[in-house]
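Source file upload22.txt; content: compact mmCIF, N, CA and C atoms.
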# COMPACT_ATOMS: atom_id res chain seq x y z
N MET W 185 -30.41 -24.70 3.59
CA MET W 185 -31.05 -24.74 2.30
C MET W 185 -30.52 -23.57 1.47
N SER W 186 -30.07 -23.84 0.27
CA SER W 186 -29.47 -22.82 -0.57
C SER W 186 -30.48 -22.22 -1.55
N ILE W 187 -30.11 -21.10 -2.10
CA ILE W 187 -30.96 -20.45 -3.12
C ILE W 187 -31.08 -21.37 -4.33
N GLU W 188 -29.99 -22.01 -4.70
CA GLU W 188 -30.01 -22.92 -5.84
C GLU W 188 -31.01 -24.05 -5.63
N HIS W 189 -31.05 -24.54 -4.39
CA HIS W 189 -31.99 -25.62 -4.06
C HIS W 189 -33.43 -25.12 -4.18
N LEU W 190 -33.68 -23.92 -3.66
CA LEU W 190 -35.03 -23.35 -3.74
C LEU W 190 -35.44 -23.08 -5.18
N ILE W 191 -34.50 -22.61 -6.00
CA ILE W 191 -34.80 -22.37 -7.41
C ILE W 191 -35.12 -23.69 -8.10
N ALA W 192 -34.36 -24.73 -7.78
CA ALA W 192 -34.62 -26.05 -8.38
C ALA W 192 -36.01 -26.55 -8.00
N LYS W 193 -36.41 -26.35 -6.74
CA LYS W 193 -37.75 -26.76 -6.30
C LYS W 193 -38.82 -25.95 -7.04
N ALA W 194 -38.60 -24.64 -7.20
CA ALA W 194 -39.56 -23.81 -7.92
C ALA W 194 -39.65 -24.22 -9.38
N GLU W 195 -38.53 -24.61 -9.97
CA GLU W 195 -38.54 -25.09 -11.36
C GLU W 195 -39.32 -26.40 -11.47
N GLN W 196 -39.20 -27.26 -10.46
CA GLN W 196 -40.00 -28.50 -10.45
C GLN W 196 -41.48 -28.18 -10.35
N ALA W 197 -41.81 -27.22 -9.49
CA ALA W 197 -43.21 -26.81 -9.36
C ALA W 197 -43.73 -26.22 -10.65
N LEU W 198 -42.90 -25.46 -11.34
CA LEU W 198 -43.28 -24.89 -12.64
C LEU W 198 -43.56 -25.99 -13.65
N ALA W 199 -42.69 -26.98 -13.70
CA ALA W 199 -42.88 -28.09 -14.65
C ALA W 199 -44.19 -28.83 -14.38
N ILE W 200 -44.48 -29.08 -13.11
CA ILE W 200 -45.72 -29.77 -12.74
C ILE W 200 -46.93 -28.92 -13.10
N ALA W 201 -46.83 -27.62 -12.82
CA ALA W 201 -47.94 -26.71 -13.13
C ALA W 201 -48.21 -26.67 -14.64
N LEU W 202 -47.16 -26.61 -15.42
CA LEU W 202 -47.33 -26.60 -16.88
C LEU W 202 -47.90 -27.92 -17.38
N GLN W 203 -47.42 -29.01 -16.80
CA GLN W 203 -47.91 -30.35 -17.16
C GLN W 203 -49.41 -30.47 -16.90
N ASN W 204 -49.86 -29.87 -15.80
CA ASN W 204 -51.27 -29.96 -15.42
C ASN W 204 -52.10 -28.78 -15.91
N GLN W 205 -51.50 -27.97 -16.77
CA GLN W 205 -52.17 -26.81 -17.35
C GLN W 205 -52.77 -25.90 -16.27
N GLN W 206 -51.98 -25.64 -15.23
CA GLN W 206 -52.40 -24.77 -14.14
C GLN W 206 -51.65 -23.44 -14.28
N ALA W 207 -52.28 -22.54 -15.03
CA ALA W 207 -51.64 -21.27 -15.37
C ALA W 207 -51.27 -20.45 -14.13
N SER W 208 -52.17 -20.35 -13.16
CA SER W 208 -51.88 -19.55 -11.96
C SER W 208 -50.69 -20.11 -11.20
N ALA W 209 -50.63 -21.41 -11.06
CA ALA W 209 -49.51 -22.04 -10.36
C ALA W 209 -48.21 -21.84 -11.13
N ALA W 210 -48.29 -21.89 -12.46
CA ALA W 210 -47.10 -21.67 -13.28
C ALA W 210 -46.59 -20.25 -13.13
N ILE W 211 -47.50 -19.28 -13.14
CA ILE W 211 -47.11 -17.88 -12.98
C ILE W 211 -46.50 -17.66 -11.60
N ALA W 212 -47.08 -18.26 -10.57
CA ALA W 212 -46.54 -18.13 -9.22
C ALA W 212 -45.12 -18.70 -9.15
N ALA W 213 -44.89 -19.83 -9.79
CA ALA W 213 -43.56 -20.44 -9.79
C ALA W 213 -42.57 -19.56 -10.55
N ILE W 214 -42.99 -19.00 -11.67
CA ILE W 214 -42.12 -18.11 -12.45
C ILE W 214 -41.75 -16.88 -11.62
N LYS W 215 -42.73 -16.30 -10.94
CA LYS W 215 -42.46 -15.13 -10.09
C LYS W 215 -41.47 -15.49 -8.99
N GLU W 216 -41.66 -16.65 -8.37
CA GLU W 216 -40.78 -17.08 -7.29
C GLU W 216 -39.35 -17.28 -7.79
N ILE W 217 -39.21 -17.86 -8.96
CA ILE W 217 -37.88 -18.03 -9.54
C ILE W 217 -37.24 -16.67 -9.77
N GLY W 218 -38.02 -15.72 -10.25
CA GLY W 218 -37.50 -14.37 -10.47
C GLY W 218 -37.04 -13.72 -9.18
N VAL W 219 -37.82 -13.87 -8.11
CA VAL W 219 -37.45 -13.29 -6.82
C VAL W 219 -36.19 -13.96 -6.29
N LEU W 220 -36.17 -15.28 -6.31
CA LEU W 220 -35.02 -16.01 -5.78
C LEU W 220 -33.73 -15.71 -6.55
N SER W 221 -33.86 -15.50 -7.85
CA SER W 221 -32.68 -15.23 -8.67
C SER W 221 -32.27 -13.76 -8.65
N GLY W 222 -33.10 -12.92 -8.02
CA GLY W 222 -32.79 -11.51 -7.94
C GLY W 222 -33.19 -10.70 -9.15
N LEU W 223 -33.87 -11.33 -10.09
CA LEU W 223 -34.31 -10.63 -11.30
C LEU W 223 -35.61 -9.88 -11.09
N ARG W 224 -36.35 -10.25 -10.07
CA ARG W 224 -37.63 -9.59 -9.76
C ARG W 224 -37.57 -9.15 -8.31
N VAL W 225 -37.81 -7.88 -8.09
CA VAL W 225 -37.76 -7.33 -6.75
C VAL W 225 -39.17 -6.96 -6.33
N GLU W 226 -39.59 -7.49 -5.21
CA GLU W 226 -40.91 -7.14 -4.69
C GLU W 226 -40.78 -5.87 -3.91
N LYS W 227 -41.54 -4.87 -4.32
CA LYS W 227 -41.48 -3.57 -3.66
C LYS W 227 -42.67 -3.42 -2.73
N ARG W 228 -42.43 -2.78 -1.62
CA ARG W 228 -43.49 -2.50 -0.67
C ARG W 228 -43.51 -1.01 -0.41
N GLU W 229 -44.69 -0.50 -0.27
CA GLU W 229 -44.82 0.92 0.00
C GLU W 229 -44.70 1.15 1.50
N HIS W 230 -43.82 2.05 1.86
CA HIS W 230 -43.66 2.42 3.25
C HIS W 230 -44.12 3.86 3.40
N THR W 231 -45.08 4.05 4.24
CA THR W 231 -45.56 5.41 4.45
C THR W 231 -45.27 5.83 5.88
N ARG W 232 -44.92 7.06 6.02
CA ARG W 232 -44.68 7.63 7.35
C ARG W 232 -45.65 8.77 7.52
N GLN W 233 -46.17 8.87 8.70
CA GLN W 233 -47.07 9.97 9.00
C GLN W 233 -46.35 10.97 9.88
N ASN W 234 -46.69 12.21 9.67
CA ASN W 234 -46.19 13.25 10.56
C ASN W 234 -47.06 13.27 11.80
N ALA W 235 -46.47 13.63 12.92
CA ALA W 235 -47.24 13.69 14.17
C ALA W 235 -48.43 14.63 14.03
N SER W 236 -48.28 15.66 13.21
CA SER W 236 -49.38 16.61 13.03
C SER W 236 -50.57 16.00 12.28
N ASP W 237 -50.33 14.87 11.60
CA ASP W 237 -51.41 14.19 10.87
C ASP W 237 -52.20 13.24 11.75
N LEU W 238 -51.72 12.98 12.96
CA LEU W 238 -52.34 12.00 13.85
C LEU W 238 -53.28 12.68 14.84
N SER W 239 -54.32 11.93 15.22
CA SER W 239 -55.24 12.44 16.23
C SER W 239 -54.59 12.30 17.61
N ASP W 240 -55.19 12.95 18.59
CA ASP W 240 -54.68 12.84 19.97
C ASP W 240 -54.71 11.39 20.44
N ASP W 241 -55.77 10.65 20.09
CA ASP W 241 -55.87 9.24 20.49
C ASP W 241 -54.77 8.40 19.85
N GLU W 242 -54.48 8.67 18.57
CA GLU W 242 -53.42 7.91 17.89
C GLU W 242 -52.07 8.21 18.51
N LEU W 243 -51.82 9.47 18.84
CA LEU W 243 -50.56 9.83 19.49
C LEU W 243 -50.43 9.19 20.87
N ALA W 244 -51.52 9.19 21.62
CA ALA W 244 -51.52 8.57 22.95
C ALA W 244 -51.25 7.07 22.83
N ASP W 245 -51.80 6.43 21.83
CA ASP W 245 -51.57 5.00 21.61
C ASP W 245 -50.10 4.72 21.32
N ILE W 246 -49.50 5.56 20.52
CA ILE W 246 -48.07 5.39 20.20
C ILE W 246 -47.24 5.54 21.48
N VAL W 247 -47.55 6.51 22.29
CA VAL W 247 -46.83 6.73 23.55
C VAL W 247 -46.99 5.52 24.47
N ARG W 248 -48.21 5.00 24.56
CA ARG W 248 -48.47 3.81 25.42
C ARG W 248 -47.65 2.61 24.96
N ARG W 249 -47.51 2.46 23.64
CA ARG W 249 -46.77 1.32 23.11
C ARG W 249 -45.27 1.53 23.18
N GLY W 250 -44.86 2.73 23.50
CA GLY W 250 -43.44 3.00 23.66
C GLY W 250 -42.72 3.33 22.38
N GLY W 251 -43.44 3.84 21.42
CA GLY W 251 -42.66 4.17 20.27
C GLY W 251 -43.29 4.69 19.10
Show the structure stored in the file as structure tokens.
Amino acid sequence: MSIEHLIAKAEQALAIALQNQQASAAIAAIKEIGVLSGLRVEKREHTRQNASDLSDDELADIVRRGG
């Protein structure tokens, strides 16, 4: 399945959403088209904790899990 195919499907979903006056579905389709086309980047926050910020139990749990 190609990106072009997925964009075409999202455009179809957008057309149906607009036809049925479903604003939330239309916005979701627009966002998806943006992500697929690379114009919209979804950012995620990655946080790292220092070992000094963790309790003894949290550190022990990390050791038990191997990492």
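The shortest atom-to-atom distance to Ile217 of chain W, with all atoms listed in the file taken into account, belongs to W:Ile191 out of W:Asn234, W:Ile191, W:Asp240, W:Ala201.
In this model, the gap between atom N of Gln206 of chain W and atom C of Met185 of chain W comes to 27.3 Å.
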message: List as a PyMOL selection string the protein and nucleic acid residues near Glu216 of chain W, meaning an atom at most 12 Å away when only C-alpha atoms are counted, but skip any in the same chain fewer than 5 places from it.
response: chain W and resi 187+190-198+209-211+221-226
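Computed from the coordinates, the atom CA of Leu220 of chain W to atom C of Ser186 of chain W distance equals 8.8 Å.
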query: Do you have the atom C of Arg248 of chain W-atom CA of Ala235 of chain W distance handy?
result: 15.5 Å
All alpha helix (DSSP H) positions in chain W, as a ChimeraX atom specification: /W:187-203,207-221,240-249
